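Data block below; observations after.
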Amino acid sequence: MSDLTKIPYYPGCTLNTVAKHFEESAAVSAKTLGFELVELEQWNCCGASFPMSANNTMGLSAPTKVLVEANKAGDTVTTLCSVCYNVLKRTNKVVKDDGEKRRVINDFIEEDYDGGLNVVHYLEILRDTVGFDKVKESVTRSLKGLKIGAYYGCMLLRPFEDMGIDDHEGPTIIEDLLKALGAEPVDFPNKIECCGAHLGAGGKEGEEVVSRLSACVMRSAVGSGAELIVTSCPLCQYNLEESQAEVVKNVAGYSAVPIVYFTQLLGLALGQADEMLSLDKNKWDVRELLKDKEV
Amino acid sequence: MPRIGVFVCQCGNNISSTVDTAKVAEEMSKLPGVVLTEDYKFMCSSPGQDMLKETVAKNKLDGIVVAACSPHMHEKTFRKAVEKAGLNPYKCEIANIREQCSWVHHDTTKKIGTAKSIDLTRMVLERLKRNKNLTKISIPVNKRALVIGGGIAGIQAAIDIADGGRDVILVEKEPSIGGNMAKLSETFPTMDCSQCIMTPKMVEAELHDRIQLYTYSEVEKLDGYIGNFSVTIRKKARFVNEDLCTGCGDCWNKCPFKADSEFEHGLTKRKLIYTPFPQSVPNIPVIDKERCPKILKDKCGLCEKVCQPEAIDYTQEDEIVVEEVGAIVVATGYNLMDEARFAPYGYGKLKDVINGLQFERLASSSGPTGGEIQRPSDGKVPESIVFIQCVGSRDESKGVSYCSKICCMYTAKHTMLYKHKVHDGQAYVFYMDIRSGGKRYEEFTRRAIEQEGAMYLRGRVSRVYEKNGKLMVQGADTLSGSQVVIEADMVVLATALVSRQGADSLAQKLGIGYDKHKFYSEYHPKLKPVETITGGIFLAGSCVGPMDIPESVSMGSAAASKVQALFSADMLDREPITSKVREETCNACWDCVTACPYVAISKKEIKNRKGEVIRMVANVNDGLCTGCGTCIAACRSKTIDLAGYTDEQVYAALNAF
C-alpha cells in the first residue's frame, strides 16, 4: 500500500468529532481509489465562516496558519467540510491577490506565505485527480436504482467567483459522482439553497430559521422523488438530520428519508463493509433502504 | 526669407482676459521671417476673415499663423480664407492659445498666459516655416453601395439609397431577408402587426430596380477604401437554381424529413428543403446540407423528382462573387443571449420556459399556433404567465453590464397580447426598473399595468422549478419585502440582447471597431453616430447596441443619407495629411503593416528594368490613411513621415520651446 498518492488533508474541528463517520468513509474510500488522506501534523480551527465577514483581516490569520502548515506538507491541501473548504480557499485567494492584506497577515503570524497552495475539496480530487471514469471502474456494489437527491448547500459553491468548483447556479459534480456509482440522481430546485447554517446556535429564532430552511430542502428533494439525500458538509448534515423529525410531524404525507454523507455511499459502492462506513452513526439509517432496493 | 504674418486673436475677452495679446503680437514681430503681426478682437468674424485675406494678398505673405482657439474650431475657416487670397491652405497654421492656454490659466495679471502664448505661437511659427504646399487628395467614388444585413435597418438603408438613384447590393446571410423584425407579432407602442408593416418593405427591397439581393450569402473579404471598395461575397449553395425556381412549394411539401425551425426558435419543425417562413423574400428554398440525406449519402432525392421546373441541383457549390462598391452600411443586428446560461430558470430543461422571441412567434398569427397562446409542452392555453425581465441584462456576472433597452417595452406588450388573447389569463412581471423612455412608451407600460391587469412585481426571480405540472416561480417582491412563489403555466424570459454571433470576425474583415460586448463602435457616440473610424463604412441598427424598431429605421435612413452625401460628388477630397514612405530606406520589416489600424499599408514590389522583383517596400494607400501616425512610431528606420507633420516640422517646433 506504499504506492498510494499522499494528499495533505485538513480535517477541521467537526471531522474529528461529530462528523467522524464522514472522515472515516472518505479515508477508506480514498485508499480504494489509490490515494491517502494525510492529516496535517499541526492544525487549528479555520474560524468557521466567521473570518469571511467583511474587513476581518485579523480573522484570516487562523486559516492562514492552517495554509502555512499545509504548505509544508505539499502543494495541495484537501478538505471534506464545505465550510473549511470555503474559508481556506477564500483566505488563500486573499493572501495571493491582496498584497496589503498578505503583508498584514504575515506580519502578524510571523510567516512568509504567498498563497501558492492549491485548496481543493475531496470532490474535486475524485473528479479531477482520480476521475469519475476510474471511480466507475472501481465500483463493486452498484447503487443501481437508488434515487438520490444531491444537496450542495451554500458554502461549497458560494461566492461563485471565489469558489469555482462547478457551474455556479447549476452544479452537477455530486450528481456526476452518483451516476458513476450507478445511482440515479434526482434534480431538485432547492439543492443549492442554504440549510440555515450556524443560525441554529443563535437561540430560538435561529432554530426556527434552520428548521424552516432545512424543511424546504428536504421537502423539495423528496417531492422531486428522492429516496435518500446526500450532503457534503457536516453542518448541512446536522441541520437536515435534526430538522427531519419535525418535518415528518408537520407535513402531511412526508415520510423521513435517510440522510448520509456522499462519502458513505462512495464507500458502499467501492465495496466497503457497513461498519467501516459507520452507517449506524447516521440519525436516519440508510441500511433498510439499501436492503429494500437490493443494493 | 519667408514672409510670415502672425494674427493674434483676443476672442472677445476669452483670450484677452488672461493673455496680453498685444504683447504676444509684439514679441512675434521680433522673430526672423515675421513681416507683419495683428492683434484682433475676433479673427473668426467676417471682418476678421476679410482682414486676413486682404493682408495676405497685400503683403504677399507666404505663411500665416493664427494664434486663437483650437484648430478643431476654425482651422478650416482660416485655411479657406487664405486659400481665397491665393495661398496654399496648408501654409496656414493655428496656435491654440485659448483651450490650451487662456481657458486653463486664471492669472489675471496675464503673466503666465502671455508667456505661454508666446511660447506656443513661436513653436507653431517655427513649424510653419517648414510647411510644404500640400494638395488635397482626390479620389474617385464608385457610386454603388453595399448593405450588410437584411433586417429592418438594412432594408431601410437599402431602400433609401436606391430611392436616391444609386445601385445597392443587399447581403443577407439567412435564406430570406426580414431579420428579427419579421418574427415579431405586434410592435409597441402602436400594436400594429409587425409582418403587416415589414413584408411590404421586404417586397419593396426585392422588387426595387436598383437593389440586388444576395440572400444566403456572407461577406468574406473586403479590400480597398472609401469610394473604392472591393467586396468578396460567398453565395452559399442553396442547391436550388434561383432562376428556375417558382417558389411553388412542391419540394418542401414532399420532403419527408424535418428539423427544428430556426425562424420559429425551435417551437416547430421545418423541412430539410425549406424557406424560413411563408412570406420569405425571395420565396426560394434552400436545402439543409448538414442534414439532407441526399446531400450526405445520396439517398432520397424526392424534391428533385417533384420539382417541375427542374430547379433542384444537388451539385451546386458555394459561389464567390466580387462586387465593387463605394460605400458600405453594416446592419447585422443582434442575437438573444444563450439562455442555457440561466440554469436556475430552467430554460432548455422546462419546456414551458421560453424566451421573448419565442413568445412573439406564439402570439403571431403566422406562428406555429396560428396566434393562439399555447404552451409548448402540451398545447394547453396558459392560465397564468410569469414574465421575467432583465434576464442577463444589467448583470455583470453574466458579462452584460448594459440595459437591453427594449425588454421593458416588449414585455409590457407581451402582457397585453396575452390578455387580448386569453381574457381570463393573469400576467405577472418581475422587473428591476421599468424603463420606458420614448414617445408614447411610458403611457404604454402604464396601460399594461393599469388597464390590462398585468401584475408587476419589483424584484428578481431566484429560480423556476416544476411541481405538479405547474411552474413554480420563486422570487422576491421588494416592494412588499416578501418572498413570493407564483404558480404559472408558462414563463417568458426577457433575455439580454447581445451582439450578433461572429460580429467580431466581420468587424475584423471590414476594419471597423467594436467594444467589449462586440457591438460596433461609432466614430463619435454623439456627433457621428452612424460613421465608423473607417471612411465609407456606416452603421445602422442594433449591431451598434440594443435598439428598437423606430431607432433602427432612423439609423438606417441616417446611414443612407451619409452614403448619398458621399455619392453626391464624382471625386472625393481627402486631407493630404497622410503617411509617406521613403522607399530608399525602407527595410521591409512590416512593423508598420502590423501597426496600422486602418489596413492602409501594403507591401509593394520594386522591380528592376527586366521586370524582376528586387525588393519589397511599404506602400501607403492615401484613400485609407487617416494620418494617425501610428506607423511612424513603429517605423525603426525612420522611413515613414507624415505630410504636414514631418519629423523636421515637429522637431523645429520642439526646439523653439
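How things are named: the first chain in the C-alpha cells is A, the next is B, and so on; residues count from 1 in each chain; ligands count from 1 in the order shown.
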
Give me the residues of chain A that have any atom at most 7 Å from an atom of chain B; for each, the nearest atom pair and the distance in Å, rounded to one decimal. Use only C-alpha atoms, sort by chain and number, and format it as a tab-separated table.
residue	atom	partner	partner_atom	distance
A:Glu169	CA	B:Ala343	CA	6.1
A:Gly170	CA	B:Ala343	CA	5.4
A:Pro189	CA	B:Tyr465	CA	5.9

Now that the selection is made, can you save its residues with N, CA and C atoms as an mmCIF file, in the first residue's frame?
data_model
loop_
_atom_site.group_PDB
_atom_site.id
_atom_site.type_symbol
_atom_site.label_atom_id
_atom_site.label_comp_id
_atom_site.auth_asym_id
_atom_site.auth_seq_id
_atom_site.Cartn_x
_atom_site.Cartn_y
_atom_site.Cartn_z
ATOM 1 N N GLU A 169 -24.632 28.067 -10.766
ATOM 2 C CA GLU A 169 -26.059 28.015 -10.484
ATOM 3 C C GLU A 169 -26.664 26.645 -10.762
ATOM 4 N N GLY A 170 -25.987 25.863 -11.546
ATOM 5 C CA GLY A 170 -26.490 24.523 -11.838
ATOM 6 C C GLY A 170 -25.397 23.485 -11.689
ATOM 7 N N PRO A 189 -35.201 21.566 -6.977
ATOM 8 C CA PRO A 189 -34.965 23.010 -7.079
ATOM 9 C C PRO A 189 -34.132 23.598 -5.941
#

Looking only at helix (DSSP H, G or I) from DSSP on the backbone, list the matching residues of stretch 9-52 of chain B as a tab-separated table (two decimals) with N, CA and C atoms, in the first residue's frame.
chain	number	residue	atom	x	y	z
B	21	THR	N	-2.58	90.00	-25.57
B	21	THR	CA	-2.45	89.64	-26.99
B	21	THR	C	-1.54	90.63	-27.75
B	22	ALA	N	-1.58	91.87	-27.33
B	22	ALA	CA	-0.74	92.86	-28.00
B	22	ALA	C	0.73	92.53	-27.78
B	23	LYS	N	1.00	92.07	-26.55
B	23	LYS	CA	2.38	91.71	-26.22
B	23	LYS	C	2.84	90.50	-27.03
B	24	VAL	N	1.90	89.52	-27.18
B	24	VAL	CA	2.22	88.33	-27.97
B	24	VAL	C	2.56	88.76	-29.39
B	25	ALA	N	1.73	89.63	-29.97
B	25	ALA	CA	1.96	90.12	-31.34
B	25	ALA	C	3.31	90.82	-31.42
B	26	GLU	N	3.58	91.61	-30.44
B	26	GLU	CA	4.82	92.40	-30.46
B	26	GLU	C	6.04	91.47	-30.43
B	27	GLU	N	5.98	90.45	-29.55
B	27	GLU	CA	7.10	89.52	-29.45
B	27	GLU	C	7.31	88.77	-30.76
B	28	MET	N	6.20	88.42	-31.39
B	28	MET	CA	6.29	87.67	-32.64
B	28	MET	C	6.94	88.52	-33.73
B	29	SER	N	6.65	89.80	-33.69
B	29	SER	CA	7.18	90.67	-34.75
B	29	SER	C	8.70	90.74	-34.71
B	46	SER	N	-16.58	87.77	-39.83
B	46	SER	CA	-16.42	88.09	-41.26
B	46	SER	C	-15.40	89.20	-41.49
B	47	PRO	N	-15.47	90.31	-40.74
B	47	PRO	CA	-14.45	91.33	-40.93
B	47	PRO	C	-13.04	90.80	-40.64
B	48	GLY	N	-12.95	89.92	-39.63
B	48	GLY	CA	-11.65	89.33	-39.30
B	48	GLY	C	-11.10	88.53	-40.46
B	49	GLN	N	-11.97	87.70	-41.05
B	49	GLN	CA	-11.53	86.89	-42.19
B	49	GLN	C	-11.17	87.76	-43.39
B	50	ASP	N	-11.98	88.79	-43.60
B	50	ASP	CA	-11.69	89.70	-44.72
B	50	ASP	C	-10.34	90.37	-44.53
B	51	MET	N	-10.12	90.79	-43.27
B	51	MET	CA	-8.84	91.45	-42.98
B	51	MET	C	-7.68	90.50	-43.28
B	52	LEU	N	-7.87	89.23	-42.87
B	52	LEU	CA	-6.83	88.23	-43.11
B	52	LEU	C	-6.55	88.10	-44.61

Quiz prompt | DSSP strand (DSSP E) residues within stretch 102-166 of chain A, listed as an MDAnalysis selection string | solution = chainID A and resid 118:121 147:150

Quiz item: Hey, what's within 12 Å of A:Met52 if we count only C-alpha atoms and toss same-chain stuff fewer than 4 positions away? As a PyMOL selection string, please?
Solution: chain A and resi 46-48+56-63+83-84+86-94+155+158-159+162

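Among the candidate residues B:Met547, B:Cys407, B:Leu471, B:Val381, the one lying nearest to B:Val353 is B:Leu471, with distances computed using only C-alpha atoms.
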
Exercise. Within 9 Å of A:Leu178, counting only C-alpha atoms, which residues show up once you throw out same-chain ones fewer than 3 positions away? Write them as number ranges by chain, please.
Key: A: 143, 148, 150, 173-175, 181-185, 262, 265-266

Take the selection from the previous step and output its residues with N, CA and C atoms, as a CSV table (one decimal), in the first residue's frame.
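This is the output file result.csv:
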chain,number,residue,atom,x,y,z
A,143,LEU,N,-24.9,1.1,-7.0
A,143,LEU,CA,-26.1,1.7,-6.3
A,143,LEU,C,-27.3,1.8,-7.2
A,148,ILE,N,-31.4,9.5,-5.6
A,148,ILE,CA,-30.7,10.3,-4.6
A,148,ILE,C,-30.8,11.8,-4.9
A,150,ALA,N,-28.9,15.2,-4.4
A,150,ALA,CA,-27.6,15.7,-4.0
A,150,ALA,C,-27.8,17.1,-3.5
A,173,ILE,N,-21.6,18.3,-10.0
A,173,ILE,CA,-20.4,17.4,-9.6
A,173,ILE,C,-20.8,16.2,-8.7
A,174,ILE,N,-21.7,16.5,-7.8
A,174,ILE,CA,-22.2,15.3,-6.9
A,174,ILE,C,-23.0,14.4,-7.7
A,175,GLU,N,-23.9,14.9,-8.6
A,175,GLU,CA,-24.7,14.0,-9.4
A,175,GLU,C,-23.8,13.2,-10.3
A,181,LEU,N,-21.4,5.9,-9.6
A,181,LEU,CA,-21.6,4.9,-8.6
A,181,LEU,C,-22.8,4.0,-9.0
A,182,GLY,N,-23.5,4.3,-10.1
A,182,GLY,CA,-24.6,3.6,-10.6
A,182,GLY,C,-26.0,4.1,-10.1
A,183,ALA,N,-26.0,5.1,-9.2
A,183,ALA,CA,-27.2,5.6,-8.7
A,183,ALA,C,-28.0,6.5,-9.7
A,184,GLU,N,-29.1,6.9,-9.3
A,184,GLU,CA,-30.0,7.7,-10.1
A,184,GLU,C,-30.2,9.1,-9.4
A,185,PRO,N,-29.4,10.1,-9.8
A,185,PRO,CA,-29.5,11.3,-9.1
A,185,PRO,C,-30.9,12.0,-9.4
A,262,PHE,N,-21.9,11.9,1.2
A,262,PHE,CA,-21.7,11.3,-0.1
A,262,PHE,C,-20.6,10.3,0.0
A,265,LEU,N,-21.8,6.7,0.7
A,265,LEU,CA,-22.3,6.0,-0.4
A,265,LEU,C,-21.1,5.6,-1.3
A,266,LEU,N,-20.1,6.4,-1.4
A,266,LEU,CA,-18.9,6.1,-2.2
A,266,LEU,C,-18.3,4.8,-1.7

Self-check item: For B:Val124: contacts at 10 Å, only C-alpha atoms, fewer than 5 positions along chain excluded, given as a ChimeraX atom specification
Solution: /B:64-67,93-96,119,129,649-650,652-654,656-657

Atoms to include: N, CA and C atoms. Write the selected residues as a PDB file, in the first residue's frame.
ATOM      1  N   ILE B  64       1.039  81.847 -42.680  1.00  0.00           N
ATOM      2  CA  ILE B  64       0.186  82.531 -41.710  1.00  0.00           C
ATOM      3  C   ILE B  64       0.134  81.724 -40.417  1.00  0.00           C
ATOM      4  N   VAL B  65       0.297  82.401 -39.281  1.00  0.00           N
ATOM      5  CA  VAL B  65      -0.045  81.764 -38.011  1.00  0.00           C
ATOM      6  C   VAL B  65      -1.222  82.527 -37.421  1.00  0.00           C
ATOM      7  N   VAL B  66      -2.282  81.804 -37.086  1.00  0.00           N
ATOM      8  CA  VAL B  66      -3.370  82.433 -36.345  1.00  0.00           C
ATOM      9  C   VAL B  66      -3.303  81.903 -34.919  1.00  0.00           C
ATOM     10  N   ALA B  67      -3.016  82.781 -33.983  1.00  0.00           N
ATOM     11  CA  ALA B  67      -2.992  82.373 -32.576  1.00  0.00           C
ATOM     12  C   ALA B  67      -4.397  82.613 -32.043  1.00  0.00           C
ATOM     13  N   GLU B  93      -1.323  77.913 -40.221  1.00  0.00           N
ATOM     14  CA  GLU B  93      -1.320  77.051 -39.031  1.00  0.00           C
ATOM     15  C   GLU B  93      -1.945  77.793 -37.855  1.00  0.00           C
ATOM     16  N   ILE B  94      -2.479  77.008 -36.931  1.00  0.00           N
ATOM     17  CA  ILE B  94      -3.153  77.584 -35.774  1.00  0.00           C
ATOM     18  C   ILE B  94      -2.323  77.354 -34.521  1.00  0.00           C
ATOM     19  N   ALA B  95      -2.122  78.390 -33.721  1.00  0.00           N
ATOM     20  CA  ALA B  95      -1.550  78.204 -32.385  1.00  0.00           C
ATOM     21  C   ALA B  95      -2.719  78.285 -31.411  1.00  0.00           C
ATOM     22  N   ASN B  96      -2.902  77.223 -30.663  1.00  0.00           N
ATOM     23  CA  ASN B  96      -4.057  77.168 -29.766  1.00  0.00           C
ATOM     24  C   ASN B  96      -3.737  77.867 -28.449  1.00  0.00           C
ATOM     25  N   ASP B 119       5.246  81.283 -26.199  1.00  0.00           N
ATOM     26  CA  ASP B 119       5.912  80.001 -26.494  1.00  0.00           C
ATOM     27  C   ASP B 119       5.150  79.203 -27.546  1.00  0.00           C
ATOM     28  N   LYS B 129       7.418  77.406 -40.816  1.00  0.00           N
ATOM     29  CA  LYS B 129       8.495  77.739 -41.756  1.00  0.00           C
ATOM     30  C   LYS B 129       8.892  76.525 -42.585  1.00  0.00           C
ATOM     31  N   GLN B 649       9.401  69.221 -39.045  1.00  0.00           N
ATOM     32  CA  GLN B 649       8.490  70.251 -38.517  1.00  0.00           C
ATOM     33  C   GLN B 649       8.310  70.109 -37.011  1.00  0.00           C
ATOM     34  N   VAL B 650       8.112  68.867 -36.572  1.00  0.00           N
ATOM     35  CA  VAL B 650       7.851  68.644 -35.154  1.00  0.00           C
ATOM     36  C   VAL B 650       9.077  69.015 -34.321  1.00  0.00           C
ATOM     37  N   ALA B 652      11.420  71.092 -35.149  1.00  0.00           N
ATOM     38  CA  ALA B 652      11.596  72.549 -35.194  1.00  0.00           C
ATOM     39  C   ALA B 652      10.720  73.208 -34.136  1.00  0.00           C
ATOM     40  N   ALA B 653       9.497  72.703 -34.000  1.00  0.00           N
ATOM     41  CA  ALA B 653       8.580  73.265 -33.011  1.00  0.00           C
ATOM     42  C   ALA B 653       9.129  73.027 -31.602  1.00  0.00           C
ATOM     43  N   LEU B 654       9.599  71.807 -31.377  1.00  0.00           N
ATOM     44  CA  LEU B 654      10.102  71.492 -30.034  1.00  0.00           C
ATOM     45  C   LEU B 654      11.343  72.326 -29.709  1.00  0.00           C
ATOM     46  N   ALA B 656      11.976  75.168 -30.651  1.00  0.00           N
ATOM     47  CA  ALA B 656      11.632  76.581 -30.465  1.00  0.00           C
ATOM     48  C   ALA B 656      11.092  76.837 -29.070  1.00  0.00           C
ATOM     49  N   PHE B 657      10.920  75.791 -28.308  1.00  0.00           N
ATOM     50  CA  PHE B 657      10.352  75.974 -26.970  1.00  0.00           C
ATOM     51  C   PHE B 657      11.438  76.388 -25.974  1.00  0.00           C
TER      52      PHE B 657
END

Practice problem: Identify, on the basis of only C-alpha atoms, every residue whose closest approach to A:Gly12 does not exceed 8 Å; exclude the query and any residue fewer than 5 positions from it along the same chain; express the result as number ranges by chain. | Solution: A: 43-46, 79, 81, 84

Give me the residues within 9 Å of B:Lys201 as a PDB file with C-alpha atoms, in the first residue's frame, counting only C-alpha atoms and dropping any in the same chain fewer than 3 places off.
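Generated output (result-v1.pdb):
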ATOM      1  CA  ILE B 152     -35.280  46.342 -40.877  1.00  0.00           C
ATOM      2  CA  ILE B 155     -33.666  47.141 -45.658  1.00  0.00           C
ATOM      3  CA  GLN B 156     -34.442  50.765 -44.796  1.00  0.00           C
ATOM      4  CA  ILE B 159     -34.374  51.327 -49.995  1.00  0.00           C
ATOM      5  CA  GLY B 178     -36.519  40.196 -42.754  1.00  0.00           C
ATOM      6  CA  ILE B 197     -45.557  46.652 -41.904  1.00  0.00           C
ATOM      7  CA  MET B 198     -42.460  44.559 -42.536  1.00  0.00           C
ATOM      8  CA  GLU B 204     -40.129  46.680 -51.958  1.00  0.00           C
ATOM      9  CA  ALA B 205     -36.483  45.761 -51.463  1.00  0.00           C
ATOM     10  CA  GLU B 206     -36.927  42.662 -53.604  1.00  0.00           C
TER      11      GLU B 206
END

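Atom pair atom CA of A:Ser232 / atom CA of A:Val217: separated by 14.2 Å.
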
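When only C-alpha atoms are used to compute distances to B:Ser482, the closest of the residues B:Gly545, B:Gly459, B:Pro32, B:Gly224 turns out to be B:Gly459.
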
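Candidate residues A:Gly149, A:Gly203, A:Gly164, A:Gly271 were compared for distance to A:Val186, and the nearest is A:Gly149, using only C-alpha atoms.
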
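Coordinates place atom CA of B:Lys91 at a distance of 17.5 Å from atom CA of B:Met73.
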
Practice problem: Between atom CA of A:Gly225 and atom CA of A:Val257, measure the distance and give it in Å to one decimal. | Solution: 10.8 Å
